[in-house]
Amino acid sequence: MSYILEVQGLKKKIGKRYIVNDVNFRVEAGEIFGLLGPNGAGKTTIIRMITGLINKTEGNVLIKGSSADTNFKESMNELGAIVENPEFYKFMTGYANLKHYARMSVKPITEERIKEVIRLVKLENAIHQKVKTYSLGMRQRLGVAQALLHEPSLLILDEPTNGLDPQGMKELRDYLKELAKSGTSILVSSHMLGEMQLMCDRFAIIEKGELTHVASMEDTDREAAEELREVKLVVSSAAEASVLPVIASAENLRVADEQTLTFMAKYDSMPEIIKQLAGSGILVYELTPAKKSLEDRFLELTRQKEEAVL
Ligand SMILES: Nc1ncnc2c1ncn2[C@@H]1O[C@H](COP(=O)(O)OP(=O)(O)O)[C@@H](O)[C@H]1O
Ligand SMILES: [Mg+2]
């Protein structure tokens with residue numbers, strides 16, 4: 001397996017406090033990897049250390065297998081990043097801003113490449129307008145364009161959907177997925193679980209400077225599917241439903257009223273439950289919950305960790 005980015009034992013100490021403490025993770029080629037955590041968890045600090053904006057207290061950052069410290073220039077050539085809000089000259093056009101960045105780049109950037117990134121982020125129609133006329137979403141896209149100019153292997157975005165409306169979020173998400181498909185790896189941070197759930201292949205949960213869990217979306221879905229959870233069923237007759245084998249044998253079966261039952265079941269067993277109900281002519285009005293959200297998983301994981309500490 002080839003890794004674009006490897007973060008090993010990363011620490012940042014400020015005063016007596018570790019605001020990042022022993023963080024380890026790896027990002028594969030073409031993968032969208034998320035750093036998920038509440039505000040103040042340490043996401044921006046991790047990203048700032050990876051991009052060399054601040055010094056690490058301890059640890060290693062490897063870009064394509066070699067140390068970012070000893071190969072700083074080469075490493076930075078592989079990275080494109082937007083940390084916090086992208087800064088632009090607001091009284092210049094989007095195009096003039098990109099030209100300006102292109103001139104500052106170590107790697108030569110052709111006119112053709114500038115046009116290509118403008119097309120990629122779909123700013124063709126607005127690129128000759130002043131940045132001050134841009135919406136937040138357009139500024140984010142210009143930021144992505146700027147970060148992509150030198151064709152990095154890894155794009156790093158710190159809370160890129162902050163301030164975007166749902167439509168803007170979807171556009172950015174779809175765009176990043178396309179970019180990843182074409183081989184660019186993406187490291188993205190967010191405090192919004194739903195957003196990460198829709199965007200990432202894998203994600204790490206960062207809490208109080210520590211990485212508490214790494215999971216792929218597939219793992220999370222599978223774990224959630226195998227877990228017992230409470231099901232609420234609203235049917236034409238709770239009495240009839242309660243004697244069906246698949247329900248009668250369920251844990252914690254409770255008849256709440258004439259039409260409502262609750263019991264424990266696996267997500268995977270839902271189809272069989274529905275089949276037996278339909279097969280005996282019982283009408284189903286409601287079956288909840290369908291599936292645990294990442295948010296539930298996230299809360300569960302953080303709760304487990306607190307319990308482990310106590
Ligand atoms: N330069 C600094 N000096 C002191 N504390 C800092 C500094 N930078 C960040 N912190 C603290 O470190 C923690 C993590 O911050 P940050 O990395 O910005 O978190 P996130 O990006 O996840 O919201 C916060 O409690 C923040 O207040
Ligand atoms: Mg931050």
# chains A, B, ... in the order shown; residues from 1 in each chain; ligands from 1
>>> residues_around(residues="A:Glu171", least_positions_apart="2", cutoff="12 Å", atoms="only C-alpha atoms", output="PDB file with N, CA, C and O atoms, in the first residue's frame")
ATOM      1  N   LEU A 120     -12.202  23.461 -13.690  1.00  0.00           N
ATOM      2  CA  LEU A 120     -12.414  22.421 -12.671  1.00  0.00           C
ATOM      3  C   LEU A 120     -13.336  22.894 -11.553  1.00  0.00           C
ATOM      4  O   LEU A 120     -14.199  22.154 -11.106  1.00  0.00           O
ATOM      5  N   VAL A 121     -13.141  24.115 -11.084  1.00  0.00           N
ATOM      6  CA  VAL A 121     -13.959  24.603  -9.967  1.00  0.00           C
ATOM      7  C   VAL A 121     -15.193  25.360 -10.467  1.00  0.00           C
ATOM      8  O   VAL A 121     -15.927  25.947  -9.685  1.00  0.00           O
ATOM      9  N   LYS A 122     -15.379  25.333 -11.772  1.00  0.00           N
ATOM     10  CA  LYS A 122     -16.569  25.931 -12.410  1.00  0.00           C
ATOM     11  C   LYS A 122     -16.731  27.421 -12.084  1.00  0.00           C
ATOM     12  O   LYS A 122     -17.788  27.888 -11.677  1.00  0.00           O
ATOM     13  N   GLY A 137     -19.249  30.698  -1.211  1.00  0.00           N
ATOM     14  CA  GLY A 137     -19.020  29.464  -1.958  1.00  0.00           C
ATOM     15  C   GLY A 137     -18.056  29.680  -3.109  1.00  0.00           C
ATOM     16  O   GLY A 137     -17.176  28.840  -3.363  1.00  0.00           O
ATOM     17  N   MET A 138     -18.203  30.804  -3.801  1.00  0.00           N
ATOM     18  CA  MET A 138     -17.301  31.106  -4.913  1.00  0.00           C
ATOM     19  C   MET A 138     -15.881  31.353  -4.404  1.00  0.00           C
ATOM     20  O   MET A 138     -14.910  30.937  -5.027  1.00  0.00           O
ATOM     21  N   GLN A 140     -14.607  29.995  -1.721  1.00  0.00           N
ATOM     22  CA  GLN A 140     -14.073  28.676  -1.377  1.00  0.00           C
ATOM     23  C   GLN A 140     -13.563  27.971  -2.623  1.00  0.00           C
ATOM     24  O   GLN A 140     -12.508  27.351  -2.621  1.00  0.00           O
ATOM     25  N   ARG A 141     -14.329  28.072  -3.703  1.00  0.00           N
ATOM     26  CA  ARG A 141     -13.920  27.407  -4.942  1.00  0.00           C
ATOM     27  C   ARG A 141     -12.662  28.040  -5.515  1.00  0.00           C
ATOM     28  O   ARG A 141     -11.792  27.345  -6.031  1.00  0.00           O
ATOM     29  N   PRO A 160     -13.751  23.178   4.918  1.00  0.00           N
ATOM     30  CA  PRO A 160     -14.058  23.861   3.647  1.00  0.00           C
ATOM     31  C   PRO A 160     -15.521  24.225   3.469  1.00  0.00           C
ATOM     32  O   PRO A 160     -15.826  25.112   2.684  1.00  0.00           O
ATOM     33  N   THR A 161     -16.414  23.554   4.185  1.00  0.00           N
ATOM     34  CA  THR A 161     -17.829  23.853   3.958  1.00  0.00           C
ATOM     35  C   THR A 161     -18.357  24.911   4.925  1.00  0.00           C
ATOM     36  O   THR A 161     -19.521  25.269   4.874  1.00  0.00           O
ATOM     37  N   LEU A 164     -20.868  27.689   3.873  1.00  0.00           N
ATOM     38  CA  LEU A 164     -21.524  27.385   2.602  1.00  0.00           C
ATOM     39  C   LEU A 164     -22.989  27.000   2.849  1.00  0.00           C
ATOM     40  O   LEU A 164     -23.310  26.406   3.868  1.00  0.00           O
ATOM     41  N   ASP A 165     -23.844  27.323   1.889  1.00  0.00           N
ATOM     42  CA  ASP A 165     -25.230  26.862   1.997  1.00  0.00           C
ATOM     43  C   ASP A 165     -25.289  25.400   1.523  1.00  0.00           C
ATOM     44  O   ASP A 165     -24.316  24.899   0.955  1.00  0.00           O
ATOM     45  N   PRO A 166     -26.395  24.705   1.790  1.00  0.00           N
ATOM     46  CA  PRO A 166     -26.449  23.278   1.434  1.00  0.00           C
ATOM     47  C   PRO A 166     -26.105  22.994  -0.030  1.00  0.00           C
ATOM     48  O   PRO A 166     -25.430  22.008  -0.335  1.00  0.00           O
ATOM     49  N   GLN A 167     -26.543  23.884  -0.918  1.00  0.00           N
ATOM     50  CA  GLN A 167     -26.241  23.707  -2.331  1.00  0.00           C
ATOM     51  C   GLN A 167     -24.725  23.819  -2.577  1.00  0.00           C
ATOM     52  O   GLN A 167     -24.134  23.001  -3.275  1.00  0.00           O
ATOM     53  N   GLY A 168     -24.115  24.824  -1.950  1.00  0.00           N
ATOM     54  CA  GLY A 168     -22.666  25.035  -2.079  1.00  0.00           C
ATOM     55  C   GLY A 168     -21.895  23.848  -1.523  1.00  0.00           C
ATOM     56  O   GLY A 168     -20.885  23.414  -2.079  1.00  0.00           O
ATOM     57  N   MET A 169     -22.384  23.290  -0.401  1.00  0.00           N
ATOM     58  CA  MET A 169     -21.735  22.125   0.220  1.00  0.00           C
ATOM     59  C   MET A 169     -21.778  20.940  -0.725  1.00  0.00           C
ATOM     60  O   MET A 169     -20.802  20.226  -0.889  1.00  0.00           O
ATOM     61  N   ARG A 173     -18.616  19.049  -2.358  1.00  0.00           N
ATOM     62  CA  ARG A 173     -18.485  17.622  -2.079  1.00  0.00           C
ATOM     63  C   ARG A 173     -18.371  16.814  -3.373  1.00  0.00           C
ATOM     64  O   ARG A 173     -17.476  15.998  -3.536  1.00  0.00           O
ATOM     65  N   ASP A 174     -19.264  17.087  -4.301  1.00  0.00           N
ATOM     66  CA  ASP A 174     -19.247  16.366  -5.584  1.00  0.00           C
ATOM     67  C   ASP A 174     -17.939  16.631  -6.308  1.00  0.00           C
ATOM     68  O   ASP A 174     -17.342  15.719  -6.886  1.00  0.00           O
ATOM     69  N   TYR A 175     -17.510  17.876  -6.253  1.00  0.00           N
ATOM     70  CA  TYR A 175     -16.282  18.239  -6.925  1.00  0.00           C
ATOM     71  C   TYR A 175     -15.085  17.500  -6.307  1.00  0.00           C
ATOM     72  O   TYR A 175     -14.242  16.946  -7.012  1.00  0.00           O
ATOM     73  N   LEU A 176     -15.030  17.463  -4.978  1.00  0.00           N
ATOM     74  CA  LEU A 176     -13.904  16.801  -4.300  1.00  0.00           C
ATOM     75  C   LEU A 176     -13.898  15.301  -4.601  1.00  0.00           C
ATOM     76  O   LEU A 176     -12.836  14.699  -4.770  1.00  0.00           O
ATOM     77  N   LYS A 177     -15.069  14.723  -4.694  1.00  0.00           N
ATOM     78  CA  LYS A 177     -15.157  13.292  -5.021  1.00  0.00           C
ATOM     79  C   LYS A 177     -14.607  13.009  -6.411  1.00  0.00           C
ATOM     80  O   LYS A 177     -13.905  12.018  -6.623  1.00  0.00           O
ATOM     81  N   GLU A 178     -14.941  13.897  -7.328  1.00  0.00           N
ATOM     82  CA  GLU A 178     -14.423  13.761  -8.695  1.00  0.00           C
ATOM     83  C   GLU A 178     -12.903  13.858  -8.704  1.00  0.00           C
ATOM     84  O   GLU A 178     -12.210  13.081  -9.353  1.00  0.00           O
ATOM     85  N   MET A 199     -18.974  12.741   2.639  1.00  0.00           N
ATOM     86  CA  MET A 199     -17.803  13.080   1.827  1.00  0.00           C
ATOM     87  C   MET A 199     -16.659  12.075   1.883  1.00  0.00           C
ATOM     88  O   MET A 199     -16.015  11.815   0.880  1.00  0.00           O
TER      89      MET A 199
END
>>> residues_near_ligand(ligand="ligand 2", cutoff="12 Å", atoms="only C-alpha atoms and all ligand atoms", output="PyMOL selection string")
chain A and resi 35-48+82-85+157-160+162+188-192+206+209
>>> residues_around(residues="A:Glu31", least_positions_apart="3", cutoff="7 Å", atoms="only C-alpha atoms", output="VMD selection string")
chain A and resid 27 to 28 180 185 to 186 201
>>> write_last_selection(atoms="N, CA, C and O atoms", output="PDB file, in the first residue's frame")
ATOM      1  N   VAL A  27      -2.933   8.485   4.958  1.00  0.00           N
ATOM      2  CA  VAL A  27      -3.876   8.759   3.874  1.00  0.00           C
ATOM      3  C   VAL A  27      -3.386   8.066   2.609  1.00  0.00           C
ATOM      4  O   VAL A  27      -2.235   8.246   2.198  1.00  0.00           O
ATOM      5  N   GLU A  28      -4.247   7.250   2.025  1.00  0.00           N
ATOM      6  CA  GLU A  28      -3.898   6.495   0.816  1.00  0.00           C
ATOM      7  C   GLU A  28      -4.106   7.335  -0.438  1.00  0.00           C
ATOM      8  O   GLU A  28      -4.829   8.324  -0.412  1.00  0.00           O
ATOM      9  N   ALA A 180     -10.851  13.239  -6.260  1.00  0.00           N
ATOM     10  CA  ALA A 180     -10.256  12.050  -5.646  1.00  0.00           C
ATOM     11  C   ALA A 180     -10.252  10.883  -6.628  1.00  0.00           C
ATOM     12  O   ALA A 180      -9.294  10.121  -6.692  1.00  0.00           O
ATOM     13  N   SER A 185      -5.358  12.784  -3.515  1.00  0.00           N
ATOM     14  CA  SER A 185      -5.823  12.471  -2.164  1.00  0.00           C
ATOM     15  C   SER A 185      -6.296  13.755  -1.503  1.00  0.00           C
ATOM     16  O   SER A 185      -5.788  14.823  -1.805  1.00  0.00           O
ATOM     17  N   ILE A 186      -7.246  13.616  -0.593  1.00  0.00           N
ATOM     18  CA  ILE A 186      -7.784  14.799   0.066  1.00  0.00           C
ATOM     19  C   ILE A 186      -7.858  14.572   1.572  1.00  0.00           C
ATOM     20  O   ILE A 186      -8.359  13.545   2.026  1.00  0.00           O
ATOM     21  N   ASP A 201     -14.047   8.718   2.603  1.00  0.00           N
ATOM     22  CA  ASP A 201     -13.895   7.267   2.545  1.00  0.00           C
ATOM     23  C   ASP A 201     -13.594   6.731   3.936  1.00  0.00           C
ATOM     24  O   ASP A 201     -14.084   5.697   4.341  1.00  0.00           O
TER      25      ASP A 201
END
>>> closest_residue(among="A:Met76, A:Ile274, A:Leu187, A:Leu123", to="A:Val235", atoms="only C-alpha atoms")
A:Ile274
>>> closest_residue(among="A:Ala147, A:Val117, A:Leu79, A:Ile4", to="A:Tyr101", atoms="only C-alpha atoms")
A:Ala147
>>> atom_distance(atom1="atom CA of A:Arg103", atom2="atom CA of A:His150")
11.1 Å
>>> closest_residue(among="A:Glu78, A:Ile282, A:Lys181, A:Lys275", to="A:Ser242", atoms="only C-alpha atoms")
A:Ile282
>>> select_by_dssp(residues="stretch 29-73 of chain A", states="alpha helix (DSSP H)", output="list in words")
Lys43, Thr44, Thr45, Ile46, Ile47, Arg48, Met49, Ile50, Phe72 and Lys73 of chain A
>>> residues_around(residues="A:Arg139", least_positions_apart="3", cutoff="10 Å", atoms="only C-alpha atoms", output="PyMOL selection string")
chain A and resi 85-88+90+94+123+131-136+142-145
>>> write_last_selection(atoms="all heavy atoms", output="tab-separated table (two decimals), in the first residue's frame")
chain	number	residue	atom	x	y	z
A	85	ASN	N	-9.69	30.37	6.50
A	85	ASN	CA	-10.31	30.99	5.32
A	85	ASN	C	-9.28	31.37	4.27
A	85	ASN	O	-8.25	31.95	4.58
A	85	ASN	CB	-11.09	32.24	5.73
A	85	ASN	CG	-12.33	31.87	6.51
A	85	ASN	OD1	-12.99	30.89	6.19
A	85	ASN	ND2	-12.61	32.63	7.54
A	86	PRO	N	-9.58	31.03	3.01
A	86	PRO	CA	-8.64	31.45	1.96
A	86	PRO	C	-8.61	32.98	1.87
A	86	PRO	O	-9.64	33.62	1.93
A	86	PRO	CB	-9.21	30.82	0.69
A	86	PRO	CG	-10.62	30.48	1.00
A	86	PRO	CD	-10.74	30.31	2.47
A	87	GLU	N	-7.42	33.52	1.79
A	87	GLU	CA	-7.26	34.98	1.72
A	87	GLU	C	-7.03	35.40	0.28
A	87	GLU	O	-6.19	34.84	-0.41
A	87	GLU	CB	-6.05	35.41	2.57
A	87	GLU	CG	-6.29	35.30	4.06
A	87	GLU	CD	-7.34	36.28	4.57
A	87	GLU	OE1	-7.41	37.40	4.02
A	87	GLU	OE2	-8.10	35.91	5.48
A	88	PHE	N	-7.79	36.41	-0.15
A	88	PHE	CA	-7.59	36.92	-1.51
A	88	PHE	C	-7.52	38.43	-1.51
A	88	PHE	O	-7.93	39.07	-0.55
A	88	PHE	CB	-8.74	36.47	-2.42
A	88	PHE	CG	-8.78	35.00	-2.63
A	88	PHE	CD1	-9.74	34.22	-2.01
A	88	PHE	CD2	-7.82	34.38	-3.42
A	88	PHE	CE1	-9.76	32.85	-2.18
A	88	PHE	CE2	-7.84	33.01	-3.60
A	88	PHE	CZ	-8.80	32.25	-2.98
A	90	LYS	N	-9.29	41.30	-2.49
A	90	LYS	CA	-10.71	41.44	-2.82
A	90	LYS	C	-10.97	42.41	-3.96
A	90	LYS	O	-11.99	42.31	-4.64
A	90	LYS	CB	-11.48	41.90	-1.59
A	90	LYS	CG	-11.51	40.86	-0.48
A	90	LYS	CD	-12.44	41.27	0.64
A	90	LYS	CE	-12.44	40.25	1.77
A	90	LYS	NZ	-11.10	40.13	2.44
A	94	GLY	N	-10.83	37.33	-9.66
A	94	GLY	CA	-10.42	35.98	-9.32
A	94	GLY	C	-9.23	35.57	-10.17
A	94	GLY	O	-8.25	34.99	-9.67
A	123	LEU	N	-15.65	28.16	-12.27
A	123	LEU	CA	-15.73	29.61	-12.05
A	123	LEU	C	-15.55	30.39	-13.35
A	123	LEU	O	-15.29	31.60	-13.31
A	123	LEU	CB	-14.66	30.05	-11.03
A	123	LEU	CG	-14.98	29.95	-9.55
A	123	LEU	CD1	-13.80	30.39	-8.69
A	123	LEU	CD2	-16.21	30.78	-9.18
A	131	VAL	N	-13.11	39.78	-6.65
A	131	VAL	CA	-13.40	38.80	-5.60
A	131	VAL	C	-14.41	39.33	-4.59
A	131	VAL	O	-15.20	38.57	-4.03
A	131	VAL	CB	-12.08	38.34	-4.92
A	131	VAL	CG1	-12.35	37.52	-3.68
A	131	VAL	CG2	-11.23	37.55	-5.90
A	132	LYS	N	-14.41	40.65	-4.38
A	132	LYS	CA	-15.37	41.21	-3.39
A	132	LYS	C	-16.82	40.97	-3.80
A	132	LYS	O	-17.71	41.01	-2.96
A	132	LYS	CB	-15.11	42.70	-3.14
A	132	LYS	CG	-15.41	43.58	-4.34
A	132	LYS	CD	-15.27	45.05	-3.96
A	132	LYS	CE	-15.43	45.87	-5.22
A	132	LYS	NZ	-16.18	47.05	-5.12
A	133	THR	N	-17.06	40.69	-5.08
A	133	THR	CA	-18.44	40.39	-5.52
A	133	THR	C	-18.79	38.92	-5.37
A	133	THR	O	-19.92	38.53	-5.62
A	133	THR	CB	-18.66	40.78	-7.00
A	133	THR	OG1	-17.88	39.89	-7.83
A	133	THR	CG2	-18.24	42.21	-7.29
A	134	TYR	N	-17.83	38.09	-4.98
A	134	TYR	CA	-18.06	36.64	-4.91
A	134	TYR	C	-18.85	36.27	-3.66
A	134	TYR	O	-18.67	36.85	-2.60
A	134	TYR	CB	-16.72	35.88	-4.85
A	134	TYR	CG	-15.97	35.78	-6.15
A	134	TYR	CD1	-16.27	36.59	-7.24
A	134	TYR	CD2	-14.93	34.87	-6.28
A	134	TYR	CE1	-15.56	36.49	-8.42
A	134	TYR	CE2	-14.21	34.76	-7.46
A	134	TYR	CZ	-14.53	35.58	-8.52
A	134	TYR	OH	-13.82	35.47	-9.68
A	135	SER	N	-19.66	35.21	-3.78
A	135	SER	CA	-20.28	34.61	-2.60
A	135	SER	C	-19.21	33.80	-1.87
A	135	SER	O	-18.14	33.54	-2.43
A	135	SER	CB	-21.42	33.69	-3.03
A	135	SER	OG	-20.88	32.56	-3.71
A	136	LEU	N	-19.55	33.40	-0.65
A	136	LEU	CA	-18.60	32.61	0.13
A	136	LEU	C	-18.24	31.31	-0.60
A	136	LEU	O	-17.09	30.90	-0.63
A	136	LEU	CB	-19.23	32.29	1.49
A	136	LEU	CG	-18.28	31.98	2.61
A	136	LEU	CD1	-17.27	33.11	2.80
A	136	LEU	CD2	-19.05	31.78	3.90
A	142	LEU	N	-12.57	29.37	-5.38
A	142	LEU	CA	-11.35	30.03	-5.84
A	142	LEU	C	-10.16	29.55	-4.99
A	142	LEU	O	-9.06	29.36	-5.50
A	142	LEU	CB	-11.51	31.55	-5.74
A	142	LEU	CG	-10.38	32.39	-6.35
A	142	LEU	CD1	-10.25	32.15	-7.85
A	142	LEU	CD2	-10.58	33.88	-6.07
A	143	GLY	N	-10.43	29.34	-3.69
A	143	GLY	CA	-9.40	28.81	-2.80
A	143	GLY	C	-8.93	27.43	-3.24
A	143	GLY	O	-7.74	27.13	-3.27
A	144	VAL	N	-9.90	26.59	-3.61
A	144	VAL	CA	-9.56	25.25	-4.09
A	144	VAL	C	-8.75	25.36	-5.38
A	144	VAL	O	-7.73	24.69	-5.56
A	144	VAL	CB	-10.83	24.39	-4.31
A	144	VAL	CG1	-10.49	23.07	-4.96
A	144	VAL	CG2	-11.54	24.15	-2.98
A	145	ALA	N	-9.17	26.27	-6.27
A	145	ALA	CA	-8.45	26.47	-7.54
A	145	ALA	C	-7.00	26.86	-7.26
A	145	ALA	O	-6.07	26.29	-7.86
A	145	ALA	CB	-9.14	27.56	-8.35
>>> closest_residue(among="A:Leu211, A:Val106, A:Met270, A:Ile247", to="ligand 1", atoms="only C-alpha atoms and all ligand atoms")
A:Leu211
>>> select_by_dssp(residues="stretch 124-277 of chain A", states="strand (DSSP E or B)", output="JSON, numbers by chain")
{"A": [130, 154, 155, 156, 157, 158, 185, 186, 187, 188, 189, 190, 202, 203, 204, 205, 206, 207, 210, 211, 212, 213, 214, 215, 216, 228, 229, 230, 231, 232, 233, 234, 235, 251, 252, 253, 254, 255, 260, 261, 262, 263, 264, 265, 266]}
